[in-house]
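Q: Before we start, here is the structure in question, set down as structure tokens.
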Amino acid sequence: MTATARVGLLGIGRIGVGHARALRDLPRVGELVLADVAPGRAAQVAAELGISHGSVDDVFDTSRVDALVIATGTDTHADLLVRAAQAGMPVFCEKPVAMDIASARRAIEALERAGNLNHIGFHRRFDAGYTEAKRRLQAGELGDLRRVHMVTCDMDTPDPSFIPTSGGIFRDCLIHDFDILRWLTGQRIETVYALGTAKGDPVFAASGDASDAVLVLQLEGGVLGTAQTSRYNGAGHDVRMELSGTHGGAVVGLEDRAALRSAEPGHTDLPGPVWVNFLERFEPCYAAELGAFVDAVCDGTPSPCTAADALEALYVAMAATLSYQQGRPVAVAEIRAS
């Protein structure tokens with residue numbers, strides 16, 4: 001157990017900059033070292049934030065840092081997790097674990113063999129709304145859960161260069177919904193049927209990706225779910241979950257800045273302004289999850305979301321991808337057995 005930890009942050013893109021700010025302000029981060037494959041980028045952000053920077057090798061050097069945060073592109077995660085395992089470093093990594101099941105399993109095996117503390121960044125587990133909805137469900141206030149509806153829609157369309165390496169809309173966007181659904185309900189998704197369309201920028205069709213999608217889900221015990229996602233949601237950044245049970249319901253994300261506008265005459269809309277992007281919407285959650293990781297490093301406590309947990313969400317995302325590609329329902333067990 002230690003009072004503070006020295007943390008290396010690898011990857012200084014959009015989310016990496018946000019993580020750098022959050023880590024800098026955590027009282028248990030004794031030193032923060034930024035690194036990126038573009039050294040000038042790390043140096044620039046470090047100067048702006050008044051913190052240190054170094055090379056990629058520096059943040060894997062256990063004589064300089066105690067723990068590592070990975071905020072690089074999705075296609076690099078598995079190899080970097082393996083390298084962290086080989087270095088014996090506690091590691092936090094943005095979701096997903098990998099682009100494919102084989103790479104994810106390879107990373108998980110390396111982490112478990114090394115005994116590394118590992119935490120995958122499913123930040124919604126730290127959101128007050130999802131936490132309260134879980135409490136109400138577990139307390140029996142909703143009765144027997146029958147239906148769930150989930151929404152993850154972007155107002156800010158990603159830069160086209162991001163799409164080919166994103167892993168696709170199911171692994172990049174809806175994987176958060178797949179994880180939080182299992183975490184909140186305690187039930188796994190058994191079957192997925194996904195329909196999508198590639199509209200807008202030609203990069204979606206060229207990458208075999210969807211710009212918009214809707215899904216029908218079946219959970220253990222027969223609970224039914226639906227989900228929708230989009231890269232072009234002009235109403236605002238929209239993330240919600242609606243839970244319906246035999247005694248009542250609960251809605252996560254229904255607050256003043258929700259991207260909801262009524263067509264009913266005389267209705268007063270929510271005051272807004274609407275959320276514009278995920279960084280703004282979930283800023284407190286990012287700080288909380290990074291704080292939980294640093295606390296686990298310092299105190300020797302378990303991870304709140306391991307790479308093995310994250311693999312469960314990846315199974316569903318891969319099932320959704322296959323369903324979209326082949327136009328048929330896909331049992332998650334089919335992916336799990338592959």
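Identifiers in this document derive from the order of the structure tokens: chains are assigned A, B, ..., residues are numbered from 1 separately in each chain, and ligands are numbered from 1 in order of occurrence.
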Near stretch 28-41 of chain A, within 6 Å and counting only C-alpha atoms, which residues show up once chain neighbours fewer than 4 positions away are dropped, as number ranges by chain?

A: A: 4-12, 52-56

Q: Based on the selection just made, write N, CA, C and O atoms of those residues as a PDB file, in the first residue's frame.

A:
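This is the output file again_39.pdb:
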```pdb
ATOM      1  N   THR A   4       0.611   7.443  -2.747  1.00  0.00           N
ATOM      2  CA  THR A   4       0.442   7.956  -4.111  1.00  0.00           C
ATOM      3  C   THR A   4       1.073   6.986  -5.107  1.00  0.00           C
ATOM      4  O   THR A   4       1.819   6.078  -4.732  1.00  0.00           O
ATOM      5  N   ALA A   5       0.778   7.207  -6.400  1.00  0.00           N
ATOM      6  CA  ALA A   5       1.360   6.389  -7.457  1.00  0.00           C
ATOM      7  C   ALA A   5       1.835   7.281  -8.590  1.00  0.00           C
ATOM      8  O   ALA A   5       1.216   8.307  -8.887  1.00  0.00           O
ATOM      9  N   ARG A   6       2.937   6.870  -9.224  1.00  0.00           N
ATOM     10  CA  ARG A   6       3.404   7.543 -10.439  1.00  0.00           C
ATOM     11  C   ARG A   6       2.724   6.874 -11.631  1.00  0.00           C
ATOM     12  O   ARG A   6       2.776   5.653 -11.765  1.00  0.00           O
ATOM     13  N   VAL A   7       2.092   7.667 -12.476  1.00  0.00           N
ATOM     14  CA  VAL A   7       1.259   7.128 -13.550  1.00  0.00           C
ATOM     15  C   VAL A   7       1.785   7.584 -14.898  1.00  0.00           C
ATOM     16  O   VAL A   7       2.083   8.770 -15.109  1.00  0.00           O
ATOM     17  N   GLY A   8       1.881   6.642 -15.828  1.00  0.00           N
ATOM     18  CA  GLY A   8       2.187   6.967 -17.215  1.00  0.00           C
ATOM     19  C   GLY A   8       0.907   6.926 -18.030  1.00  0.00           C
ATOM     20  O   GLY A   8       0.073   6.039 -17.832  1.00  0.00           O
ATOM     21  N   LEU A   9       0.740   7.870 -18.917  1.00  0.00           N
ATOM     22  CA  LEU A   9      -0.427   7.922 -19.811  1.00  0.00           C
ATOM     23  C   LEU A   9       0.063   7.831 -21.245  1.00  0.00           C
ATOM     24  O   LEU A   9       0.797   8.708 -21.717  1.00  0.00           O
ATOM     25  N   LEU A  10      -0.353   6.792 -21.934  1.00  0.00           N
ATOM     26  CA  LEU A  10       0.070   6.551 -23.319  1.00  0.00           C
ATOM     27  C   LEU A  10      -1.106   6.796 -24.264  1.00  0.00           C
ATOM     28  O   LEU A  10      -2.139   6.140 -24.155  1.00  0.00           O
ATOM     29  N   GLY A  11      -0.913   7.755 -25.184  1.00  0.00           N
ATOM     30  CA  GLY A  11      -1.964   8.103 -26.128  1.00  0.00           C
ATOM     31  C   GLY A  11      -2.564   9.451 -25.790  1.00  0.00           C
ATOM     32  O   GLY A  11      -3.337   9.566 -24.834  1.00  0.00           O
ATOM     33  N   ILE A  12      -2.202  10.482 -26.555  1.00  0.00           N
ATOM     34  CA  ILE A  12      -2.635  11.847 -26.232  1.00  0.00           C
ATOM     35  C   ILE A  12      -3.534  12.372 -27.354  1.00  0.00           C
ATOM     36  O   ILE A  12      -3.289  13.435 -27.937  1.00  0.00           O
ATOM     37  N   SER A  52       4.856  16.221 -16.785  1.00  0.00           N
ATOM     38  CA  SER A  52       6.012  15.646 -17.460  1.00  0.00           C
ATOM     39  C   SER A  52       5.609  14.894 -18.722  1.00  0.00           C
ATOM     40  O   SER A  52       4.449  14.509 -18.903  1.00  0.00           O
ATOM     41  N   HIS A  53       6.578  14.652 -19.586  1.00  0.00           N
ATOM     42  CA  HIS A  53       6.367  13.799 -20.747  1.00  0.00           C
ATOM     43  C   HIS A  53       7.626  12.969 -20.973  1.00  0.00           C
ATOM     44  O   HIS A  53       8.695  13.275 -20.444  1.00  0.00           O
ATOM     45  N   GLY A  54       7.482  11.910 -21.764  1.00  0.00           N
ATOM     46  CA  GLY A  54       8.617  11.054 -22.069  1.00  0.00           C
ATOM     47  C   GLY A  54       8.323  10.231 -23.309  1.00  0.00           C
ATOM     48  O   GLY A  54       7.363  10.489 -24.031  1.00  0.00           O
ATOM     49  N   SER A  55       9.130   9.219 -23.528  1.00  0.00           N
ATOM     50  CA  SER A  55       8.948   8.347 -24.688  1.00  0.00           C
ATOM     51  C   SER A  55       7.981   7.218 -24.346  1.00  0.00           C
ATOM     52  O   SER A  55       7.622   7.007 -23.175  1.00  0.00           O
ATOM     53  N   VAL A  56       7.590   6.456 -25.361  1.00  0.00           N
ATOM     54  CA  VAL A  56       6.748   5.283 -25.131  1.00  0.00           C
ATOM     55  C   VAL A  56       7.461   4.309 -24.201  1.00  0.00           C
ATOM     56  O   VAL A  56       6.854   3.741 -23.285  1.00  0.00           O
TER      57      VAL A  56
END
```

Q: Residues of stretch 202-265 of chain A classed as strand (DSSP E or B) by DSSP on the backbone are to be reported as an MDAnalysis selection string.

A: chainID A and resid 212:219 224:230 238:245 249:252

Q: Can you list, as a list in words, every protein, DNA or RNA residue that comes within 10 Å of A:Gly234 when you count only C-alpha atoms, leaving out same-chain residues fewer than 4 positions away?

A: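 Listed by chain and then number, they are Cys153, Asp154, Met155, Asp156, Thr157, Ser230, Asp238, Ala259 and Val276 of chain A.
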
Q: Which residue is closest to A:Val214? Choose from A:Lys95, A:Arg124, A:Arg21, A:His149 and count only C-alpha atoms.

A: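 Of A:Lys95, A:Arg124, A:Arg21, A:His149, the one nearest A:Val214, counting only C-alpha atoms, is A:His149.
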
Q: Contacts of A:Glu283 at 10 Å or less, counting only C-alpha atoms, minus same-chain residues fewer than 2 places along, as a compact mmCIF listing (two decimals) with N, CA, C and O atoms, in the first residue's frame?

A:
```txt
# COMPACT_ATOMS: atom_id res chain seq x y z
N GLY A 18 -8.28 14.45 -22.16
CA GLY A 18 -9.21 14.49 -21.04
C GLY A 18 -8.72 13.67 -19.86
O GLY A 18 -8.83 14.10 -18.70
N HIS A 19 -8.17 12.50 -20.14
CA HIS A 19 -7.62 11.67 -19.06
C HIS A 19 -6.43 12.35 -18.39
O HIS A 19 -6.23 12.23 -17.18
N ALA A 22 -7.76 14.84 -15.93
CA ALA A 22 -8.35 14.17 -14.76
C ALA A 22 -7.27 13.58 -13.86
O ALA A 22 -7.32 13.73 -12.62
N HIS A 123 -16.78 3.51 -18.42
CA HIS A 123 -17.01 4.59 -17.47
C HIS A 123 -18.44 4.68 -16.98
O HIS A 123 -18.70 5.28 -15.93
N ASP A 127 -21.35 6.21 -13.43
CA ASP A 127 -22.34 7.26 -13.64
C ASP A 127 -23.44 7.18 -12.59
O ASP A 127 -23.95 6.09 -12.29
N PHE A 278 -19.50 12.96 -25.92
CA PHE A 278 -19.36 12.04 -24.79
C PHE A 278 -18.41 12.55 -23.72
O PHE A 278 -18.58 12.27 -22.53
N LEU A 279 -17.39 13.31 -24.12
CA LEU A 279 -16.44 13.83 -23.13
C LEU A 279 -17.14 14.80 -22.18
O LEU A 279 -16.89 14.79 -20.97
N GLU A 280 -18.01 15.61 -22.71
CA GLU A 280 -18.76 16.56 -21.90
C GLU A 280 -19.78 15.82 -21.03
O GLU A 280 -19.91 16.10 -19.83
N ARG A 281 -20.49 14.89 -21.63
CA ARG A 281 -21.56 14.17 -20.93
C ARG A 281 -21.03 13.35 -19.75
O ARG A 281 -21.65 13.29 -18.68
N CYS A 285 -17.55 10.89 -14.78
CA CYS A 285 -17.34 9.44 -14.75
C CYS A 285 -15.90 9.08 -15.08
O CYS A 285 -15.33 8.16 -14.49
N TYR A 286 -15.31 9.79 -16.05
CA TYR A 286 -13.92 9.53 -16.40
C TYR A 286 -13.00 9.79 -15.20
O TYR A 286 -12.09 9.01 -14.91
N ALA A 287 -13.26 10.89 -14.50
CA ALA A 287 -12.45 11.20 -13.31
C ALA A 287 -12.64 10.13 -12.25
O ALA A 287 -11.68 9.70 -11.59
N ALA A 288 -13.89 9.67 -12.08
CA ALA A 288 -14.17 8.67 -11.05
C ALA A 288 -13.53 7.32 -11.36
O ALA A 288 -12.99 6.66 -10.47
```

Q: So which one's closest to A:Asp25, A:Leu290, A:Val223, A:Ala84, A:Ala319? Using only C-alpha atoms, please.

A: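 Going through A:Leu290, A:Val223, A:Ala84, A:Ala319 one by one, the smallest distance to A:Asp25 is for A:Leu290.
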
Q: Could you list, as a list in words, every residue within 9 Å of A:Arg261, counting only C-alpha atoms and ignoring same-chain residues fewer than 3 positions away?

A: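 My reading of the contact set: Ala235, Ala258, Thr268, Asp269 and Leu270 of chain A.
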
Q: In terms of the shortest atom-to-atom distance over only C-alpha atoms, which of A:Leu219, A:Val65, A:Val151, A:Met241 is closest to A:Gly186?

A: A:Leu219

Q: Between A:Ala133, A:Met150, A:Leu174, A:Ala46, which residue has the minimum interatomic distance to A:Leu224, considering only C-alpha atoms?

A: A:Met150

Q: Can you work out which one of A:Thr62, A:Gln325, A:Thr131, A:Gln86 has the shortest atom-to-atom distance to A:Ala213, counting only C-alpha atoms?

A: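 Checking each of A:Thr62, A:Gln325, A:Thr131, A:Gln86 against A:Ala213, counting only C-alpha atoms, the winner is A:Gln325.
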
Q: Which residues come within 12 Å of A:Gly196, counting only C-alpha atoms, excluding same-chain residues fewer than 6 positions away, as a list in words?

A: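 Non-adjacent residues within range: Gly168, Ile169, Phe170, Phe204, Ala205, Gly208, Asp209, Ala210, Ser211, Asp212, Ala213, Val214, Leu215, Val216, Ala227, Gln228, Thr229, Ser230, Arg231, Ala320, Thr321, Leu322, Ser323, Tyr324, Gln325, Gln326, Gly327 and Arg328 of chain A.
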
Q: Using the chain letters and numbers from this document, which residues of stretch 116-322 of chain A does DSSP assign to alpha helix (DSSP H), as a ChimeraX atom specification?

A: /A:128-138,169-172,175-185,203-206,278-281,283-299,307-322

Q: Would you pick out the contacts of stretch 304-317 of chain A at 9 Å or less, using only C-alpha atoms, so that residues sharing its chain but fewer than 4 positions from it are not included, and give the list as JSON, numbers by chain?

A: {"A": [93, 95, 96, 97, 98, 99, 100, 101, 104, 105, 107, 108, 111, 117, 118, 119, 120, 121, 122, 125, 169, 170, 171, 172, 174, 175, 176, 177, 178, 179, 180, 182, 188, 189, 190, 191, 192, 289, 292, 293, 296, 321, 322, 331, 332, 333, 335, 336]}

Q: Using only C-alpha atoms, which of the listed residues (A:Gly140, A:Gly200, A:Gln187, A:Pro284) sits closest to A:His247?

A: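 The closest residue to A:His247 is A:Gly140.
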